[in-house]
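Peer 1: Below is protein.txt; it holds compact mmCIF, C-alpha atoms and all ligand atoms.
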```txt
# COMPACT_ATOMS: atom_id res chain seq x y z
CA MET D 171 -8.76 -34.22 30.76
CA ILE D 172 -7.43 -33.75 27.21
CA VAL D 173 -10.55 -31.81 26.24
CA LYS D 174 -10.11 -29.59 29.30
CA LEU D 175 -6.49 -28.88 28.42
CA LEU D 176 -7.44 -27.97 24.86
CA GLN D 177 -10.02 -25.52 26.14
CA MET D 178 -7.57 -23.70 28.41
CA ALA D 179 -7.01 -20.11 27.28
CA LEU D 180 -3.56 -18.99 26.14
CA LYS D 181 -1.76 -16.50 28.32
CA ALA D 182 0.86 -13.84 27.63
CA PRO D 183 3.53 -13.03 30.23
CA ILE D 184 3.50 -9.51 31.64
CA VAL D 185 6.03 -6.68 31.85
CA LYS D 186 6.06 -4.26 34.77
CA LEU D 187 5.83 -0.62 33.74
CA ASN D 188 7.79 2.11 35.55
CA ASN D 189 4.72 2.86 37.72
CA GLY D 190 4.36 -0.79 38.81
CA LEU D 191 1.39 -1.53 36.53
CA GLU D 192 1.49 -4.89 34.75
CA MET D 193 1.09 -4.97 30.95
CA PRO D 194 0.53 -8.25 29.04
CA MET D 195 3.18 -8.70 26.34
CA VAL D 196 0.64 -9.39 23.58
CA GLY D 197 -2.23 -7.01 22.94
CA LEU D 198 -4.87 -7.08 20.21
CA GLY D 199 -4.36 -4.26 17.70
CA THR D 200 -7.65 -2.89 16.42
CA TYR D 201 -6.81 -0.44 13.63
CA ALA D 202 -8.27 -1.22 10.21
CA ARG D 203 -8.53 0.97 7.14
CA LYS D 204 -11.88 -0.64 6.39
CA ALA D 205 -14.15 -2.80 8.51
CA GLU D 206 -17.63 -4.25 8.26
CA PRO D 207 -20.04 -3.30 11.06
CA GLY D 208 -19.39 -5.59 14.03
CA GLU D 209 -15.90 -6.70 12.92
CA TYR D 210 -14.01 -4.87 15.68
CA GLN D 211 -16.38 -6.17 18.32
CA GLN D 212 -16.09 -9.72 17.01
CA ALA D 213 -12.26 -9.55 17.01
CA VAL D 214 -12.23 -8.28 20.61
CA GLU D 215 -14.59 -11.06 21.70
CA TRP D 216 -12.53 -13.77 19.94
CA ALA D 217 -9.38 -12.34 21.47
CA ILE D 218 -10.73 -12.30 25.02
CA ASP D 219 -12.04 -15.85 24.54
CA ALA D 220 -8.55 -16.89 23.35
CA GLY D 221 -6.97 -15.42 26.48
CA TYR D 222 -5.94 -11.86 25.45
CA LYS D 223 -6.00 -9.45 28.36
CA HIS D 224 -4.67 -6.43 26.46
CA ILE D 225 -6.54 -4.40 23.85
CA ASP D 226 -5.20 -1.38 21.93
CA THR D 227 -7.52 1.22 20.42
CA ALA D 228 -7.52 4.97 19.72
CA SER D 229 -10.08 7.72 19.32
CA CYS D 230 -9.03 8.18 15.67
CA TYR D 231 -9.75 4.51 14.85
CA LYS D 232 -13.46 5.36 15.28
CA ASN D 233 -14.00 1.92 16.80
CA GLU D 234 -14.08 2.64 20.54
CA GLU D 235 -17.83 1.89 20.71
CA GLU D 236 -17.41 -1.57 19.19
CA VAL D 237 -14.26 -2.33 21.16
CA GLY D 238 -16.07 -1.27 24.33
CA GLN D 239 -19.09 -3.41 23.46
CA GLY D 240 -16.87 -6.46 22.99
CA ILE D 241 -15.23 -5.85 26.36
CA TYR D 242 -18.61 -5.24 28.01
CA ASN D 243 -20.04 -8.49 26.63
CA LYS D 244 -17.09 -10.60 27.82
CA ILE D 245 -17.18 -9.05 31.30
CA LYS D 246 -20.94 -9.70 31.43
CA GLU D 247 -20.40 -13.32 30.37
CA GLY D 248 -17.90 -13.72 33.22
CA ILE D 249 -14.94 -14.54 30.91
CA VAL D 250 -12.86 -11.67 32.37
CA THR D 251 -13.16 -8.99 35.00
CA ARG D 252 -12.34 -5.37 34.27
CA ASP D 253 -9.27 -5.43 36.51
CA GLN D 254 -7.81 -8.37 34.55
CA LEU D 255 -7.87 -6.32 31.35
CA PHE D 256 -5.35 -3.75 30.11
CA VAL D 257 -7.06 -1.27 27.79
CA THR D 258 -5.17 1.46 25.91
CA THR D 259 -6.62 4.37 23.98
CA LYS D 260 -5.02 7.45 22.45
CA LEU D 261 -5.42 11.24 22.23
CA TRP D 262 -5.84 12.50 18.68
CA ASN D 263 -3.77 15.29 17.15
CA ASP D 264 -6.59 17.87 17.22
CA CYS D 265 -6.88 17.81 21.04
CA HIS D 266 -3.33 18.71 22.08
CA ALA D 267 -4.15 21.90 23.99
CA GLU D 268 -3.61 21.21 27.70
CA ASN D 269 -7.29 21.81 28.51
CA ASP D 270 -8.52 19.53 25.70
CA VAL D 271 -6.84 16.36 26.99
CA THR D 272 -9.16 15.43 29.87
CA PRO D 273 -12.40 16.13 27.93
CA SER D 274 -11.08 14.03 25.05
CA LEU D 275 -10.30 11.10 27.34
CA LYS D 276 -13.76 11.43 28.94
CA GLU D 277 -15.30 11.11 25.47
CA SER D 278 -13.22 7.99 24.77
CA LEU D 279 -14.33 6.49 28.10
CA ARG D 280 -17.96 7.19 27.27
CA ARG D 281 -17.59 5.42 23.91
CA LEU D 282 -15.72 2.52 25.52
CA LYS D 283 -18.28 2.27 28.35
CA LEU D 284 -15.40 2.26 30.84
CA ASP D 285 -14.67 4.28 34.01
CA TYR D 286 -10.94 4.31 33.28
CA VAL D 287 -8.37 3.05 30.80
CA ASP D 288 -5.12 1.46 31.81
CA LEU D 289 -3.04 3.55 29.45
CA TYR D 290 -3.64 6.82 27.63
CA LEU D 291 -1.17 7.81 24.90
CA ILE D 292 -0.39 10.95 22.94
CA HIS D 293 -0.91 9.31 19.53
CA TRP D 294 1.54 11.53 17.56
CA PRO D 295 3.69 14.48 18.64
CA VAL D 296 2.09 16.68 15.94
CA SER D 297 -0.87 18.96 16.71
CA ILE D 298 -3.24 19.64 13.85
CA ASN D 299 -6.62 21.36 13.95
CA ALA D 300 -9.77 20.15 12.22
CA LYS D 301 -8.92 22.27 9.15
CA GLY D 302 -5.56 20.50 8.83
CA GLU D 303 -3.54 23.48 10.02
CA ASP D 304 -0.46 23.06 12.17
CA GLN D 305 -1.28 24.26 15.69
CA GLU D 306 2.36 23.97 16.72
CA ILE D 307 1.36 23.08 20.27
CA ASP D 308 4.36 21.86 22.21
CA TYR D 309 3.81 18.25 23.25
CA VAL D 310 5.34 19.23 26.61
CA GLU D 311 2.16 21.29 27.16
CA THR D 312 0.03 18.32 26.03
CA TRP D 313 1.90 16.17 28.55
CA ARG D 314 0.73 18.45 31.39
CA GLY D 315 -2.85 17.72 30.26
CA MET D 316 -2.03 13.99 30.31
CA GLU D 317 -0.72 14.34 33.89
CA GLU D 318 -3.97 16.03 34.87
CA ALA D 319 -6.07 13.20 33.35
CA LEU D 320 -3.93 10.74 35.31
CA SER D 321 -4.40 12.63 38.57
CA MET D 322 -8.19 12.47 38.03
CA GLY D 323 -8.10 8.66 37.89
CA LEU D 324 -9.38 8.53 34.30
CA THR D 325 -6.36 6.47 33.32
CA LYS D 326 -3.95 4.34 35.33
CA SER D 327 -0.93 5.42 33.31
CA ILE D 328 0.16 7.78 30.56
CA GLY D 329 2.58 7.42 27.69
CA VAL D 330 3.42 8.50 24.15
CA SER D 331 3.45 7.09 20.64
CA ASN D 332 5.55 7.92 17.58
CA PHE D 333 8.04 9.96 19.62
CA ASN D 334 11.75 10.05 18.76
CA GLU D 335 14.55 10.17 21.34
CA GLU D 336 14.88 13.94 21.38
CA GLN D 337 11.13 14.37 21.94
CA LEU D 338 11.13 11.77 24.73
CA GLN D 339 14.05 13.54 26.37
CA ARG D 340 12.18 16.87 26.29
CA ILE D 341 9.25 15.20 28.07
CA LEU D 342 11.56 13.58 30.62
CA ASN D 343 13.26 16.93 31.32
CA SER D 344 10.08 18.55 32.59
CA ALA D 345 7.60 15.78 33.43
CA LYS D 346 6.21 15.25 36.91
CA VAL D 347 5.20 11.76 35.75
CA LYS D 348 7.41 9.80 33.34
CA PRO D 349 5.80 8.21 30.25
CA VAL D 350 5.40 4.47 30.87
CA VAL D 351 5.63 3.49 27.19
CA ASN D 352 6.55 4.70 23.72
CA GLN D 353 4.39 2.89 21.16
CA VAL D 354 6.22 2.85 17.83
CA GLU D 355 6.55 0.71 14.73
CA ILE D 356 8.98 -2.16 15.36
CA ASN D 357 9.20 -5.37 13.29
CA PRO D 358 11.88 -7.41 11.48
CA ASN D 359 12.03 -4.78 8.72
CA LEU D 360 12.38 -1.91 11.19
CA THR D 361 14.27 -3.24 14.17
CA GLN D 362 14.74 0.17 15.88
CA HIS D 363 17.61 -0.99 18.14
CA LYS D 364 18.76 2.56 18.99
CA LEU D 365 15.32 3.83 20.01
CA VAL D 366 14.54 0.62 21.92
CA ASP D 367 17.84 0.90 23.84
CA TYR D 368 17.11 4.54 24.68
CA CYS D 369 13.63 3.65 25.95
CA LYS D 370 14.91 0.80 28.09
CA LYS D 371 17.71 2.92 29.55
CA ASN D 372 15.05 5.41 30.63
CA SER D 373 12.57 2.78 31.95
CA ILE D 374 10.13 3.49 29.13
CA GLN D 375 8.61 0.26 27.81
CA PRO D 376 8.83 -0.09 24.01
CA VAL D 377 5.55 -1.29 22.49
CA ALA D 378 5.58 -2.49 18.87
CA TYR D 379 2.80 -1.51 16.52
CA THR D 380 2.65 -3.06 13.05
CA PRO D 381 4.72 -5.91 14.56
CA LEU D 382 4.31 -8.09 11.47
CA GLY D 383 5.68 -5.42 9.15
CA LEU D 384 6.14 -6.72 5.62
CA ILE D 385 5.08 -10.26 6.60
CA SER D 386 1.51 -9.02 6.76
CA ASP D 387 -0.80 -9.62 3.80
CA ALA D 388 -2.00 -6.08 4.30
CA ARG D 389 1.03 -4.73 2.47
CA PRO D 390 0.87 -6.12 -1.09
CA GLU D 391 2.48 -2.90 -2.34
CA PHE D 392 5.79 -4.19 -1.00
CA ALA D 393 5.52 -7.67 -2.54
CA GLY D 394 8.86 -8.80 -3.95
CA LYS D 395 10.82 -5.97 -2.37
CA ASP D 396 11.73 -7.98 0.67
CA MET D 397 12.72 -11.60 1.27
CA ILE D 398 10.94 -12.01 4.58
CA LYS D 399 7.99 -13.82 3.00
CA SER D 400 10.10 -16.16 0.89
CA ASP D 401 13.52 -16.55 2.52
CA PRO D 402 14.14 -20.32 2.85
CA LYS D 403 16.16 -19.96 6.08
CA LEU D 404 13.26 -18.18 7.75
CA GLY D 405 10.87 -20.80 6.35
CA ALA D 406 13.05 -23.55 7.81
CA LEU D 407 13.10 -21.78 11.17
CA ALA D 408 9.30 -21.56 11.20
CA ASP D 409 9.08 -25.26 10.28
CA LYS D 410 11.55 -26.20 13.04
CA TYR D 411 9.16 -24.86 15.68
CA GLY D 412 5.93 -25.69 13.86
CA LYS D 413 5.08 -21.98 13.68
CA THR D 414 4.32 -19.46 10.94
CA ARG D 415 6.64 -16.64 9.85
CA ALA D 416 4.28 -14.22 11.59
CA GLN D 417 4.65 -16.10 14.89
CA ILE D 418 8.46 -16.08 14.48
CA ALA D 419 8.36 -12.28 14.01
CA LEU D 420 6.25 -11.81 17.15
CA ARG D 421 8.43 -14.21 19.15
CA TYR D 422 11.55 -12.29 18.03
CA LEU D 423 10.03 -9.06 19.39
CA VAL D 424 8.91 -10.44 22.75
CA GLN D 425 12.35 -12.01 23.23
CA ARG D 426 13.71 -8.47 22.87
CA GLU D 427 11.30 -7.62 25.73
CA ILE D 428 9.11 -5.57 23.42
CA VAL D 429 5.32 -5.70 23.86
CA VAL D 430 3.51 -6.55 20.58
CA LEU D 431 0.11 -5.46 19.23
CA PRO D 432 -0.79 -7.69 16.26
CA LYS D 433 -4.12 -6.84 14.66
CA SER D 434 -6.29 -9.52 13.14
CA PHE D 435 -9.95 -9.99 12.24
CA THR D 436 -9.31 -13.71 11.59
CA LYS D 437 -10.13 -15.99 14.51
CA SER D 438 -7.35 -18.52 13.83
CA ARG D 439 -4.72 -15.78 13.47
CA ILE D 440 -5.89 -14.05 16.65
CA ILE D 441 -5.21 -17.35 18.43
CA ASP D 442 -1.89 -17.93 16.58
CA ASN D 443 -0.60 -14.48 17.48
CA LEU D 444 -0.92 -15.27 21.19
CA ASN D 445 0.47 -18.76 20.78
CA ILE D 446 4.15 -17.77 20.82
CA PHE D 447 5.25 -18.69 24.32
CA ASP D 448 5.99 -22.41 23.93
CA PHE D 449 9.31 -22.06 22.07
CA GLU D 450 12.45 -19.94 22.22
CA LEU D 451 14.69 -18.61 19.44
CA ASN D 452 18.41 -19.05 20.07
CA LYS D 453 21.03 -16.37 19.50
CA GLN D 454 21.70 -17.28 15.85
CA GLU D 455 17.97 -17.46 15.12
CA MET D 456 17.43 -14.02 16.68
CA ALA D 457 20.28 -12.72 14.49
CA LEU D 458 18.66 -14.26 11.41
CA VAL D 459 15.37 -12.43 12.03
CA ASP D 460 17.32 -9.26 12.80
CA SER D 461 19.08 -9.51 9.44
CA PHE D 462 15.84 -8.62 7.63
CA ASN D 463 16.11 -5.04 8.89
CA MET D 464 15.82 -2.49 6.06
CA ASP D 465 14.89 0.49 8.26
CA HIS D 466 11.67 0.33 6.30
CA ARG D 467 8.61 2.02 7.80
CA CYS D 468 5.21 0.60 6.89
CA VAL D 469 3.63 3.54 8.74
CA PRO D 470 5.71 6.65 7.97
CA GLY D 471 2.84 9.00 8.86
CA ALA D 472 3.77 10.74 5.62
CA SER D 473 0.78 13.08 5.74
CA PHE D 474 2.23 14.55 8.96
CA ALA D 475 5.69 15.17 7.51
CA LYS D 476 4.96 18.85 6.86
CA TYR D 477 4.05 19.58 10.49
CA LYS D 478 6.47 21.02 13.02
CA ASN D 479 6.73 18.15 15.47
CA TYR D 480 6.90 15.28 12.96
CA ALA D 481 9.24 12.71 14.50
CA PHE D 482 10.75 10.63 11.70
N1 LIG F 501 0.35 4.25 17.49
C1 LIG F 501 0.24 4.26 16.19
O1 LIG F 501 0.45 5.27 15.51
C2 LIG F 501 -0.16 3.00 15.48
C3 LIG F 501 0.02 2.88 14.09
C4 LIG F 501 -0.34 1.68 13.48
C5 LIG F 501 -0.87 0.65 14.24
N2 LIG F 501 -1.07 0.79 15.59
C6 LIG F 501 -1.64 -0.30 16.43
O2 LIG F 501 -0.92 -1.50 16.18
C7 LIG F 501 -1.84 -2.48 15.68
C8 LIG F 501 -1.14 -3.42 14.72
O3 LIG F 501 -0.61 -2.73 13.62
P1 LIG F 501 -1.12 -2.98 12.13
O4 LIG F 501 -2.56 -3.32 12.16
O5 LIG F 501 -0.67 -1.80 11.34
O6 LIG F 501 -0.19 -4.18 11.61
P2 LIG F 501 0.03 -5.72 11.95
O7 LIG F 501 -0.66 -6.11 13.19
O8 LIG F 501 1.50 -5.93 11.88
O9 LIG F 501 -0.63 -6.42 10.69
C9 LIG F 501 -2.01 -6.55 10.57
C10 LIG F 501 -2.29 -7.32 9.27
O10 LIG F 501 -1.65 -8.61 9.35
C11 LIG F 501 -2.60 -9.64 9.12
N3 LIG F 501 -2.26 -10.70 10.08
C12 LIG F 501 -2.54 -10.72 11.42
N4 LIG F 501 -2.07 -11.85 11.97
C13 LIG F 501 -1.48 -12.56 10.99
C14 LIG F 501 -0.83 -13.81 10.94
N5 LIG F 501 -0.69 -14.55 12.04
N6 LIG F 501 -0.34 -14.22 9.75
C15 LIG F 501 -0.45 -13.47 8.63
N7 LIG F 501 -1.08 -12.26 8.61
C16 LIG F 501 -1.58 -11.81 9.79
C17 LIG F 501 -3.96 -9.02 9.39
O11 LIG F 501 -4.92 -9.61 8.55
P3 LIG F 501 -6.39 -10.08 9.06
O12 LIG F 501 -6.95 -9.00 9.93
O13 LIG F 501 -7.13 -10.25 7.78
O14 LIG F 501 -6.21 -11.39 9.78
C18 LIG F 501 -3.74 -7.57 9.00
O15 LIG F 501 -3.92 -7.43 7.61
C19 LIG F 501 -2.96 -1.67 15.06
O16 LIG F 501 -4.11 -2.43 14.85
C20 LIG F 501 -3.11 -0.59 16.10
O17 LIG F 501 -3.80 -1.06 17.24
C21 LIG F 501 -0.70 1.95 16.22
```
Reformat the file's structure so that it appears as structure tokens.

Peer 2:
Amino acid sequence: MIVKLLQMALKAPIVKLNNGLEMPMVGLGTYARKAEPGEYQQAVEWAIDAGYKHIDTASCYKNEEEVGQGIYNKIKEGIVTRDQLFVTTKLWNDCHAENDVTPSLKESLRRLKLDYVDLYLIHWPVSINAKGEDQEIDYVETWRGMEEALSMGLTKSIGVSNFNEEQLQRILNSAKVKPVVNQVEINPNLTQHKLVDYCKKNSIQPVAYTPLGLISDARPEFAGKDMIKSDPKLGALADKYGKTRAQIALRYLVQREIVVLPKSFTKSRIIDNLNIFDFELNKQEMALVDSFNMDHRCVPGASFAKYKNYAF
């Protein structure tokens, strides 16, 4: 009996999107600056074994083949069925013309070996051609292409990423179909209360990328500039629940009803990042995590700052 209990997969609660689709509150992030061959696939397989039902990728991550292979293998093994999974991919900045959206999604589906994704996102509001020139395509036009891809059944829902409030409002003003999510950076160093409130008021689900922010080892350039890794009160809070600082950060976000997408290539961390639903932070503890806000972006998209539709 004990062995059986230990083998049970972890499970994330779901949120209902504005089109009725259910999205698990923890998804595996899959972006890496550098990866060894097979690393993405291995992470996806570990994640599905651990109980993840939600995977986030993008055409620009150049990993859709491996992510798709991991999904394919786990479906073949009978660990999950396709309809239990929530798979997101994203349109890159060089395919923003209305007529480029559907062909781009078809290419992603081919690489992923899937008939449909659950969510397709405009990755950034900027449109840039292969030569790096600003195409100045209005993302409202791109959105019409997204609506067409949706109507063809290639994706179950459509949304945006890295959009600010004004840009979301412009989409809402003319859209036939509302975006279901805005995927943006949110973490204890960038709490984004105003944008999150705006999204919720408009039934757009906030999804947090880079949810670990400065807690992550991936950001040594910020070492010493922030207390989140060393603050004794946060350490005591983690100890109180027998969790790590990373798990406290993720728990803080899901308690704000924000979906989180932690990325890890480490099996134990993949498991840890889903293991955040057996404790609850109280009001003072939520305020403590909130107090680490510095409005600091780990992902400013600085190389896009010169383009017309840059959001930050
Ligand atoms: N829409 C967008 O523009 C956008 C932008 C950025 C990211 N994203 C998405 O969001 C995902 C997550 O963002 P991210 O990868 O930038 O940041 P993140 O998930 O906050 O941090 C990832 C880093 O944290 C480490 N880590 C993971 N779990 C940990 C734990 N429990 N304790 C300590 N360290 C831990 C990982 O190391 P190991 O891998 O070595 O374990 C990795 O170096 C991406 O993978 C991608 O899917 C989207």

Peer 1: How would you write as a list in words the residues that get within 8 Å of (-8.0, -17.8, 30.2) in the file's frame, counting all atoms listed in the file?

Peer 2: Met178, Ala179, Leu180, Lys181, Asp219, Ala220, Gly221, Tyr222 and Ile249 of chain D

Peer 1: If you measure from atom O6 of ligand LIG 501 (chain F) to atom CA of D:Lys433, what distance in Å do you get, rounded to one decimal?

Peer 2: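 Between these atoms lies a distance of 5.6 Å.
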
Peer 1: When you look at stretch 440-457 of chain D with a cut-off of 10 Å (counting all atoms listed in the file), what residues show up, excluding the ones that are within fewer than 5 positions of it in the same chain? I need them as JSON, numbers by chain.

Peer 2: {"D": [179, 180, 181, 182, 183, 195, 196, 197, 198, 199, 213, 214, 216, 217, 218, 219, 220, 221, 222, 403, 404, 407, 411, 412, 413, 414, 416, 417, 418, 419, 420, 421, 422, 423, 424, 425, 426, 430, 431, 432, 433, 434, 435, 462]}

Peer 1: Could the residues of stretch 306-340 of chain D that have an atom at most 8 Å from stretch 259-266 of chain D be listed as CSV, each with its closest atom pair and the distance in Å to one decimal, counting only C-alpha atoms and ordered by chain and ascending residue number?

Peer 2:
```
residue,atom,partner,partner_atom,distance
D:Ile307,CA,D:His266,CA,6.7
D:Tyr309,CA,D:His266,CA,7.2
D:Glu311,CA,D:His266,CA,7.9
D:Thr312,CA,D:His266,CA,5.2
```

Peer 1: Grab the atom CA of D:Pro402 to atom O8 of ligand LIG 501 (chain F) distance for me, in Å with one decimal place.

Peer 2: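 Atom O8 of ligand LIG 501 (chain F) lies at a distance of 21.2 Å from atom CA of D:Pro402.
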
Peer 1: So how far away is atom CA of D:Tyr201 from atom CA of D:Asn233, in Å?

Peer 2: 8.2 Å

Peer 1: Just want the 7 Å neighbourhood of D:Thr325, counted on all atoms listed in the file, with same-chain residues fewer than 2 positions away dropped. Output as a PDB file with C-alpha atoms, in the frame of the given file.

Peer 2:
```pdb
ATOM      1  CA  TYR D 286     -10.940   4.310  33.280  1.00  0.00           C
ATOM      2  CA  VAL D 287      -8.370   3.050  30.800  1.00  0.00           C
ATOM      3  CA  ASP D 288      -5.120   1.460  31.810  1.00  0.00           C
ATOM      4  CA  LEU D 289      -3.040   3.550  29.450  1.00  0.00           C
ATOM      5  CA  TYR D 290      -3.640   6.820  27.630  1.00  0.00           C
ATOM      6  CA  ALA D 319      -6.070  13.200  33.350  1.00  0.00           C
ATOM      7  CA  LEU D 320      -3.930  10.740  35.310  1.00  0.00           C
ATOM      8  CA  GLY D 323      -8.100   8.660  37.890  1.00  0.00           C
ATOM      9  CA  SER D 327      -0.930   5.420  33.310  1.00  0.00           C
TER      10      SER D 327
END
```

Peer 1: Given the choices D:Glu235, D:Asp304, D:Glu192, D:Glu209, which gets closest to D:Leu255 if the distance is worked out from all atoms listed in the file?

Peer 2: D:Glu192

Peer 1: In terms of the shortest atom-to-atom distance over only C-alpha atoms, which of D:Gln337, D:Asn332, D:Thr251, D:Ser229 is closest to D:Thr200?

Peer 2: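 Comparing D:Gln337, D:Asn332, D:Thr251, D:Ser229 against D:Thr200, the winner is D:Ser229.
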
Peer 1: Between D:Gly471, D:Pro381, D:Gly238, D:Gly405, single out the one closest to ligand LIG 501 (chain F), counting all atoms listed in the file.

Peer 2: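 Of the candidates, the smallest distance to ligand LIG 501 (chain F) is held by D:Pro381.
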
Peer 1: Using only C-alpha atoms and all ligand atoms, which of D:Ser461, D:Ser473, D:Thr227, D:Asn372 sits nearest ligand LIG 501 (chain F)?

Peer 2: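 With only C-alpha atoms and all ligand atoms as the atom set, the closest residue is D:Thr227.
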
Peer 1: Please determine, counting all atoms listed in the file, which residue among D:Gln339, D:Gln212, D:Thr380, D:Asn479 has the shortest atom-to-atom distance to ligand LIG 501 (chain F).

Peer 2: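 For ligand LIG 501 (chain F), the nearest of the candidates is D:Thr380.
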
Peer 1: Regenerate stretch 343-350 of chain D at the level of all heavy atoms and dump it as a tab-separated table (two decimals), in the frame of the given file.

Peer 2:
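Contents of the output file result02.tsv:
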```
chain	number	residue	atom	x	y	z
D	343	ASN	N	12.63	15.77	30.66
D	343	ASN	CA	13.26	16.93	31.32
D	343	ASN	C	12.29	17.72	32.18
D	343	ASN	O	12.70	18.38	33.13
D	343	ASN	CB	13.86	17.88	30.27
D	343	ASN	CG	15.08	17.27	29.60
D	343	ASN	OD1	15.61	16.28	30.09
D	343	ASN	ND2	15.51	17.86	28.49
D	344	SER	N	10.99	17.68	31.84
D	344	SER	CA	10.08	18.55	32.59
D	344	SER	C	8.90	17.80	33.24
D	344	SER	O	8.12	18.39	33.96
D	344	SER	CB	9.51	19.63	31.66
D	344	SER	OG	8.75	19.02	30.67
D	345	ALA	N	8.80	16.50	32.98
D	345	ALA	CA	7.60	15.78	33.43
D	345	ALA	C	7.58	15.57	34.94
D	345	ALA	O	8.62	15.30	35.54
D	345	ALA	CB	7.54	14.43	32.73
D	346	LYS	N	6.38	15.68	35.51
D	346	LYS	CA	6.21	15.25	36.91
D	346	LYS	C	6.08	13.74	36.93
D	346	LYS	O	6.52	13.06	37.84
D	346	LYS	CB	4.92	15.86	37.49
D	346	LYS	CG	5.10	17.33	37.88
D	346	LYS	CD	3.94	17.78	38.74
D	346	LYS	CE	3.19	18.86	38.01
D	346	LYS	NZ	1.86	19.10	38.26
D	347	VAL	N	5.41	13.20	35.87
D	347	VAL	CA	5.20	11.76	35.75
D	347	VAL	C	5.85	11.31	34.44
D	347	VAL	O	5.57	11.88	33.38
D	347	VAL	CB	3.69	11.42	35.70
D	347	VAL	CG1	3.47	9.92	35.59
D	347	VAL	CG2	2.97	11.99	36.90
D	348	LYS	N	6.72	10.31	34.54
D	348	LYS	CA	7.41	9.80	33.34
D	348	LYS	C	6.44	9.05	32.43
D	348	LYS	O	5.57	8.31	32.94
D	348	LYS	CB	8.43	8.74	33.77
D	348	LYS	CG	9.83	9.19	33.97
D	348	LYS	CD	10.66	7.94	34.31
D	348	LYS	CE	12.09	8.14	34.06
D	348	LYS	NZ	12.90	6.96	34.09
D	349	PRO	N	6.59	9.10	31.11
D	349	PRO	CA	5.80	8.21	30.25
D	349	PRO	C	6.14	6.76	30.57
D	349	PRO	O	7.32	6.44	30.78
D	349	PRO	CB	6.25	8.55	28.83
D	349	PRO	CG	7.22	9.67	28.93
D	349	PRO	CD	7.54	9.93	30.35
D	350	VAL	N	5.12	5.89	30.59
D	350	VAL	CA	5.40	4.47	30.87
D	350	VAL	C	5.79	3.73	29.60
D	350	VAL	O	6.50	2.74	29.66
D	350	VAL	CB	4.22	3.75	31.57
D	350	VAL	CG1	4.01	4.26	32.98
D	350	VAL	CG2	2.94	3.80	30.75
```
